[in-house]
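Colleague: Enclosed is the structure file final-v2.cif (mmCIF, C-alpha atoms).
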data_target
#
loop_
_atom_site.label_atom_id
_atom_site.label_comp_id
_atom_site.auth_asym_id
_atom_site.auth_seq_id
_atom_site.Cartn_x
_atom_site.Cartn_y
_atom_site.Cartn_z
CA MET A 1 0.00 0.00 0.00
CA ASN A 2 1.54 3.36 -0.93
CA ASP A 3 0.95 6.71 0.76
CA ALA A 4 -1.84 7.65 -1.67
CA GLU A 5 -3.93 4.63 -0.56
CA LYS A 6 -3.49 4.98 3.23
CA PRO A 7 -5.94 7.00 5.34
CA LEU A 8 -4.41 10.39 6.13
CA ALA A 9 -2.53 10.35 9.47
CA PRO A 10 -3.61 12.78 12.21
CA GLY A 11 -1.51 15.93 12.31
CA LEU A 12 -0.86 19.33 10.82
CA TYR A 13 -0.23 19.59 7.05
CA LEU A 14 1.57 22.63 5.58
CA VAL A 15 0.21 22.62 2.06
CA ALA A 16 1.89 24.69 -0.64
CA THR A 17 -0.65 26.10 -3.10
CA PRO A 18 -0.05 27.41 -6.63
CA ILE A 19 1.22 30.93 -7.29
CA GLY A 20 -0.68 32.09 -10.38
CA ASN A 21 -1.55 28.84 -12.17
CA LEU A 22 -4.00 26.51 -10.38
CA GLU A 23 -2.72 23.62 -12.52
CA ASP A 24 0.63 23.86 -10.68
CA ILE A 25 -0.89 22.10 -7.66
CA THR A 26 0.54 18.64 -6.91
CA LEU A 27 -1.42 15.37 -6.67
CA ARG A 28 -0.35 15.06 -3.02
CA ALA A 29 -1.60 18.56 -2.15
CA LEU A 30 -4.99 17.72 -3.70
CA ARG A 31 -5.21 14.41 -1.80
CA VAL A 32 -4.34 16.09 1.51
CA LEU A 33 -6.87 18.91 1.00
CA GLN A 34 -9.53 16.32 0.12
CA SER A 35 -8.74 14.22 3.23
CA VAL A 36 -8.24 16.68 6.12
CA ASP A 37 -11.00 17.60 8.60
CA ARG A 38 -10.46 21.35 8.30
CA ILE A 39 -8.45 23.84 6.26
CA ALA A 40 -6.95 26.87 8.00
CA CYS A 41 -6.25 29.69 5.55
CA GLU A 42 -5.10 33.27 5.46
CA ASP A 43 -8.13 34.46 3.48
CA THR A 44 -11.02 31.99 3.27
CA ARG A 45 -12.44 33.64 0.12
CA GLN A 46 -9.12 33.29 -1.71
CA THR A 47 -8.69 29.64 -0.70
CA GLN A 48 -12.33 28.91 -1.53
CA LYS A 49 -11.59 29.75 -5.19
CA LEU A 50 -8.95 26.99 -5.23
CA LEU A 51 -11.25 24.52 -3.43
CA ASN A 52 -14.17 25.29 -5.78
CA HIS A 53 -11.95 24.83 -8.85
CA PHE A 54 -11.07 21.30 -7.71
CA ASP A 55 -14.52 20.58 -6.24
CA ILE A 56 -13.15 20.12 -2.70
CA LYS A 57 -15.78 20.62 -0.02
CA LYS A 58 -14.13 21.16 3.40
CA PRO A 59 -14.77 23.52 6.32
CA THR A 60 -12.34 26.45 6.31
CA VAL A 61 -11.24 28.70 9.15
CA SER A 62 -9.34 31.96 8.77
CA TYR A 63 -6.06 32.77 10.47
CA HIS A 64 -4.06 35.94 9.93
CA LEU A 65 -1.60 38.15 11.74
CA HIS A 66 -4.35 39.63 13.96
CA ASN A 67 -5.93 36.39 15.24
CA GLU A 68 -3.05 33.95 14.87
CA ASN A 69 -2.33 33.50 18.59
CA GLU A 70 -5.88 32.70 19.67
CA ARG A 71 -6.57 30.64 16.51
CA ALA A 72 -3.47 28.56 17.23
CA GLY A 73 -5.06 27.54 20.56
CA ASP A 74 -8.28 26.36 18.89
CA LEU A 75 -6.44 24.44 16.17
CA LEU A 76 -4.09 22.84 18.71
CA GLN A 77 -7.06 21.56 20.70
CA GLU A 78 -8.47 19.93 17.58
CA LEU A 79 -5.07 18.44 16.72
CA ARG A 80 -4.67 16.99 20.25
CA ALA A 81 -8.00 15.22 19.74
CA GLY A 82 -6.57 13.48 16.65
CA GLY A 83 -7.71 15.96 14.01
CA ARG A 84 -6.12 16.41 10.62
CA ILE A 85 -5.72 20.06 9.70
CA ALA A 86 -4.23 21.68 6.61
CA ILE A 87 -2.70 25.14 6.68
CA VAL A 88 -2.52 26.96 3.38
CA SER A 89 -1.47 30.50 2.57
CA ASP A 90 -3.05 32.59 -0.18
CA ALA A 91 -0.38 31.31 -2.55
CA GLY A 92 2.94 29.60 -2.04
CA THR A 93 4.36 27.71 0.91
CA PRO A 94 2.82 28.57 4.32
CA GLY A 95 5.22 30.16 6.77
CA ILE A 96 7.63 31.62 4.19
CA ALA A 97 6.05 35.08 4.00
CA ASP A 98 2.71 34.43 5.67
CA PRO A 99 1.20 33.94 9.10
CA GLY A 100 1.01 30.32 10.27
CA GLY A 101 4.30 29.95 12.10
CA ARG A 102 2.57 30.21 15.50
CA VAL A 103 0.33 27.20 14.80
CA VAL A 104 3.31 25.16 13.57
CA GLN A 105 5.39 26.07 16.63
CA ALA A 106 2.55 25.17 19.01
CA ALA A 107 1.97 21.84 17.25
CA ILE A 108 5.66 20.88 17.39
CA ALA A 109 5.92 21.88 21.05
CA ALA A 110 2.87 19.68 21.78
CA GLY A 111 4.36 16.69 19.96
CA ILE A 112 1.83 16.82 17.10
CA PRO A 113 3.23 15.53 13.77
CA VAL A 114 3.79 18.30 11.19
CA PHE A 115 3.92 17.25 7.53
CA PRO A 116 5.22 19.68 4.87
CA VAL A 117 3.56 19.13 1.48
CA PRO A 118 5.88 20.78 -1.07
CA GLY A 119 4.68 22.77 -4.04
CA ALA A 120 5.82 24.32 -7.28
CA ASN A 121 8.37 27.06 -6.84
CA ALA A 122 8.65 29.75 -9.49
CA ALA A 123 12.09 30.97 -8.42
CA VAL A 124 13.69 27.55 -8.89
CA SER A 125 11.87 27.09 -12.16
CA ALA A 126 13.09 30.43 -13.47
CA ARG A 127 16.76 29.80 -12.75
CA PRO A 128 17.65 27.65 -15.79
CA SER A 129 15.89 30.18 -18.02
CA TRP A 130 17.88 33.09 -16.59
CA ARG A 131 21.10 31.32 -17.36
CA SER A 132 19.98 30.59 -20.88
CA CYS A 133 18.74 34.12 -21.46
CA ARG A 134 22.30 35.39 -21.16
CA THR A 135 23.03 33.79 -24.53
CA PRO A 136 22.49 35.93 -27.66
CA MET B 1 -10.92 28.17 -22.62
CA ASN B 2 -8.15 27.83 -20.02
CA ASP B 3 -4.62 26.50 -20.59
CA ALA B 4 -5.57 22.96 -19.62
CA GLU B 5 -8.11 22.77 -22.48
CA LYS B 6 -5.92 24.23 -25.25
CA PRO B 7 -3.76 22.03 -27.49
CA LEU B 8 -0.16 22.23 -26.30
CA ALA B 9 1.80 24.95 -28.18
CA PRO B 10 4.93 23.96 -30.12
CA GLY B 11 8.15 24.49 -28.17
CA LEU B 12 10.50 23.18 -25.52
CA TYR B 13 9.08 22.37 -22.06
CA LEU B 14 11.38 22.18 -19.02
CA VAL B 15 9.41 19.86 -16.78
CA ALA B 16 10.29 19.56 -13.10
CA THR B 17 9.77 16.01 -11.82
CA PRO B 18 9.35 14.82 -8.22
CA ILE B 19 12.33 14.25 -5.94
CA GLY B 20 11.43 11.16 -3.92
CA ASN B 21 7.62 11.12 -3.93
CA LEU B 22 5.93 10.59 -7.32
CA GLU B 23 2.75 12.14 -5.91
CA ASP B 24 4.57 15.50 -5.75
CA ILE B 25 4.14 15.91 -9.52
CA THR B 26 1.86 18.77 -10.59
CA LEU B 27 -1.24 18.51 -12.78
CA ARG B 28 0.44 20.75 -15.35
CA ALA B 29 3.57 18.56 -15.52
CA LEU B 30 1.35 15.51 -16.14
CA ARG B 31 -0.61 17.29 -18.87
CA VAL B 32 2.56 18.45 -20.63
CA LEU B 33 4.17 14.99 -20.49
CA GLN B 34 0.96 13.46 -21.88
CA SER B 35 0.80 16.02 -24.73
CA VAL B 36 4.37 16.41 -26.07
CA ASP B 37 5.71 14.50 -29.07
CA ARG B 38 8.89 13.34 -27.36
CA ILE B 39 10.51 13.37 -23.92
CA ALA B 40 14.26 14.00 -23.65
CA CYS B 41 15.66 12.65 -20.39
CA GLU B 42 18.93 12.14 -18.58
CA ASP B 43 18.34 8.43 -18.03
CA THR B 44 15.49 6.90 -20.02
CA ARG B 45 15.12 3.97 -17.57
CA GLN B 46 14.67 6.33 -14.63
CA THR B 47 12.13 8.52 -16.44
CA GLN B 48 10.31 5.44 -17.72
CA LYS B 49 9.46 4.51 -14.10
CA LEU B 50 7.70 7.86 -13.73
CA LEU B 51 5.91 7.50 -17.09
CA ASN B 52 4.81 3.93 -16.31
CA HIS B 53 3.47 4.99 -12.91
CA PHE B 54 1.18 7.55 -14.57
CA ASP B 55 0.49 5.38 -17.64
CA ILE B 56 2.06 7.91 -20.03
CA LYS B 57 3.18 6.36 -23.32
CA LYS B 58 5.61 8.67 -25.16
CA PRO B 59 8.85 8.14 -27.06
CA THR B 60 11.89 9.02 -24.93
CA VAL B 61 15.39 10.00 -26.02
CA SER B 62 18.43 10.17 -23.74
CA TYR B 63 20.64 13.19 -23.30
CA HIS B 64 23.53 13.44 -20.89
CA LEU B 65 26.85 15.24 -20.49
CA HIS B 66 28.53 13.05 -23.13
CA ASN B 67 26.00 13.43 -25.98
CA GLU B 68 24.39 16.74 -25.10
CA ASN B 69 25.91 18.77 -27.96
CA GLU B 70 24.94 16.43 -30.77
CA ARG B 71 21.56 15.64 -29.19
CA ALA B 72 20.81 19.36 -28.99
CA GLY B 73 21.13 19.51 -32.80
CA ASP B 74 18.63 16.69 -33.34
CA LEU B 75 16.13 18.14 -30.88
CA LEU B 76 16.48 21.62 -32.36
CA GLN B 77 15.66 20.27 -35.81
CA GLU B 78 12.48 18.69 -34.45
CA LEU B 79 11.57 21.92 -32.64
CA ARG B 80 12.08 24.01 -35.80
CA ALA B 81 9.59 21.71 -37.54
CA GLY B 82 6.96 22.62 -34.92
CA GLY B 83 7.60 19.77 -32.49
CA ARG B 84 6.72 19.82 -28.81
CA ILE B 85 9.51 18.37 -26.68
CA ALA B 86 9.76 17.97 -22.91
CA ILE B 87 13.09 17.89 -21.13
CA VAL B 88 13.13 16.21 -17.73
CA SER B 89 16.00 15.41 -15.43
CA ASP B 90 16.14 12.30 -13.23
CA ALA B 91 14.52 14.32 -10.45
CA GLY B 92 14.05 18.00 -9.86
CA THR B 93 14.17 20.95 -12.23
CA PRO B 94 16.14 20.42 -15.47
CA GLY B 95 19.18 22.64 -15.83
CA ILE B 96 19.76 23.26 -12.11
CA ALA B 97 22.27 20.44 -11.56
CA ASP B 98 21.74 18.42 -14.73
CA PRO B 99 22.62 18.45 -18.39
CA GLY B 100 20.03 20.14 -20.62
CA GLY B 101 21.32 23.71 -20.66
CA ARG B 102 22.75 23.27 -24.18
CA VAL B 103 19.34 22.34 -25.63
CA VAL B 104 17.69 25.28 -23.89
CA GLN B 105 20.35 27.72 -25.11
CA ALA B 106 20.07 26.45 -28.69
CA ALA B 107 16.29 26.71 -28.62
CA ILE B 108 16.34 30.29 -27.30
CA ALA B 109 18.98 31.32 -29.86
CA ALA B 110 16.76 29.84 -32.60
CA GLY B 111 13.68 31.72 -31.40
CA ILE B 112 11.90 28.57 -30.21
CA PRO B 113 9.54 29.19 -27.26
CA VAL B 114 10.82 27.69 -23.98
CA PHE B 115 8.24 27.01 -21.27
CA PRO B 116 9.34 26.26 -17.68
CA VAL B 117 6.91 23.94 -15.87
CA PRO B 118 7.64 24.40 -12.15
CA GLY B 119 7.66 21.59 -9.63
CA ALA B 120 7.70 20.86 -5.93
CA ASN B 121 10.82 22.06 -4.20
CA ALA B 122 11.92 20.35 -1.01
CA ALA B 123 14.24 23.14 0.13
CA VAL B 124 11.46 25.75 0.13
CA SER B 125 9.11 23.31 1.82
CA ALA B 126 11.62 22.58 4.56
CA ARG B 127 12.26 26.20 5.48
CA PRO B 128 9.18 26.86 7.65
CA SER B 129 9.86 23.60 9.50
CA TRP B 130 13.46 24.57 10.25
CA ARG B 131 12.30 27.81 11.79
CA SER B 132 9.76 26.00 13.90
CA CYS B 133 12.19 23.29 14.96
CA ARG B 134 14.26 25.91 16.77
CA THR B 135 11.47 26.17 19.36
CA PRO B 136 11.69 23.85 22.43
#
Show me, as structure tokens, the structure contained in the file I just sent.

Modeller:
Amino acid sequence: MNDAEKPLAPGLYLVATPIGNLEDITLRALRVLQSVDRIACEDTRQTQKLLNHFDIKKPTVSYHLHNENERAGDLLQELRAGGRIAIVSDAGTPGIADPGGRVVQAAIAAGIPVFPVPGANAAVSARPSWRSCRTP
Amino acid sequence: MNDAEKPLAPGLYLVATPIGNLEDITLRALRVLQSVDRIACEDTRQTQKLLNHFDIKKPTVSYHLHNENERAGDLLQELRAGGRIAIVSDAGTPGIADPGGRVVQAAIAAGIPVFPVPGANAAVSARPSWRSCRTP
């Protein structure tokens, strides 16, 4: 049985979402979003566009710089009870330039498993092109 | 009509492939690999595992450090005739630490469109975890 066939393990999933092109989402990111109990996102309306596009129906909860501390407490309680929660940012990898670090720190301190789900990265993709563009 | 519904445009596609977990491939990478005329790869046996896993049946051709210059000529001829060719490395983004740069440079010099297809990047994914792991 490979990972894609197992039930999703309890824990916190940091799911990278596409920057610009919805088709740049990975199969694993889609499976995780379809399998978690709840999706915590920076802006629920923005994330809802992604979920609607892929016909994913999951409860969402907002977290942002102004409610991150108290929201971390609620999410941690759900995680301690065996919940499976995804954190996504508006676009990109959560925690790079977005809120979300507080929830991750609290989960790690509480011994909750944290699973990064990598995503497409435009900077890495651009690099070979830059090099080539230096040619005539 | 969005990109996913259009026929694939002629040109050279730099397709990032998963490092470690096949499920980390993006929907766009799968669509491009399913739609090109030919896939140029560092090691055809390695890439064939990926293609078999996703049931993609396409001709492959090998390129590596020792045949890259002459192979670039063959591929360029096919591209000039309106071909659609994907370049993949064994794992990761082609051209970062792999052969392939010569083909890209020749294509750009010849005015052939070059399309980067980004992929999951473990280093970016790891970063938020590193920060969090510094907490007790």

Colleague: Report as a count of residues only the full result of the PyMOL selection byres ((chain B and resi 88) around 6) when it is applied to this structure.

Modeller: 5

Colleague: I'd like a table as a tab-separated table: residues in region 44-67 of chain A with an atom no more than 10 Å from region 21-39 of chain A, each row giving the shortest atom pair and its distance in Å to one decimal, only C-alpha atoms counted, sorted by chain and rising residue number.

Modeller:
residue	atom	partner	partner_atom	distance
A:Thr44	CA	A:Ile39	CA	9.1
A:Thr47	CA	A:Ile39	CA	9.1
A:Lys49	CA	A:Leu22	CA	9.7
A:Leu50	CA	A:Leu22	CA	7.2
A:Leu51	CA	A:Leu33	CA	8.4
A:His53	CA	A:Leu22	CA	8.3
A:Phe54	CA	A:Leu30	CA	8.1
A:Asp55	CA	A:Gln34	CA	9.1
A:Ile56	CA	A:Gln34	CA	6.0
A:Lys57	CA	A:Gln34	CA	7.6
A:Lys58	CA	A:Arg38	CA	6.1
A:Pro59	CA	A:Arg38	CA	5.2
A:Thr60	CA	A:Ile39	CA	4.7
A:Val61	CA	A:Ile39	CA	6.3
A:Ser62	CA	A:Ile39	CA	8.5

Colleague: Just give me the gap between CA of Val117 (chain B) and CA of Glu42 (chain A) in Å, one decimal is fine.

Modeller: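 Taking CA of Val117 (chain B) and CA of Glu42 (chain A), their separation equals 26.2 Å.
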
Colleague: Would you work out the distance separating CA of Gly82 (chain A) from CA of Leu8 (chain A), expressed in Å to one decimal?

Modeller: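 These two atoms are separated by 11.2 Å.
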
Colleague: Do you have the CA of Asn69 (chain B)-CA of Ala120 (chain B) distance handy?

Modeller: 28.7 Å

Colleague: Measuring atom to atom with all atoms listed in the file, identify which of A:Ala16, A:His64, A:Asp43, A:Pro113 is nearest to chain B.

Modeller: A:Ala16

Colleague: With distances taken over all atoms listed in the file, which of B:Lys6, B:Arg71, B:Arg102, B:His66 is nearest to chain A?

Modeller: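 Smallest separation from chain A among the options: B:Arg102.
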
Colleague: Counting only C-alpha atoms, which of A:Ile112, A:Ala106, A:Ile85, A:Leu14 gets nearest to Glu70 (chain A)?

Modeller: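 Nearest candidate to Glu70 (chain A) out of A:Ile112, A:Ala106, A:Ile85, A:Leu14: A:Ala106.
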
Colleague: Rank A:Gln105, A:Ala40, A:Phe115, A:Leu12 by their smallest atom-to-atom distance to chain B, using all atoms listed in the file, and report the top residue only.

Modeller: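 Of the candidates, the smallest distance to chain B is held by A:Gln105.
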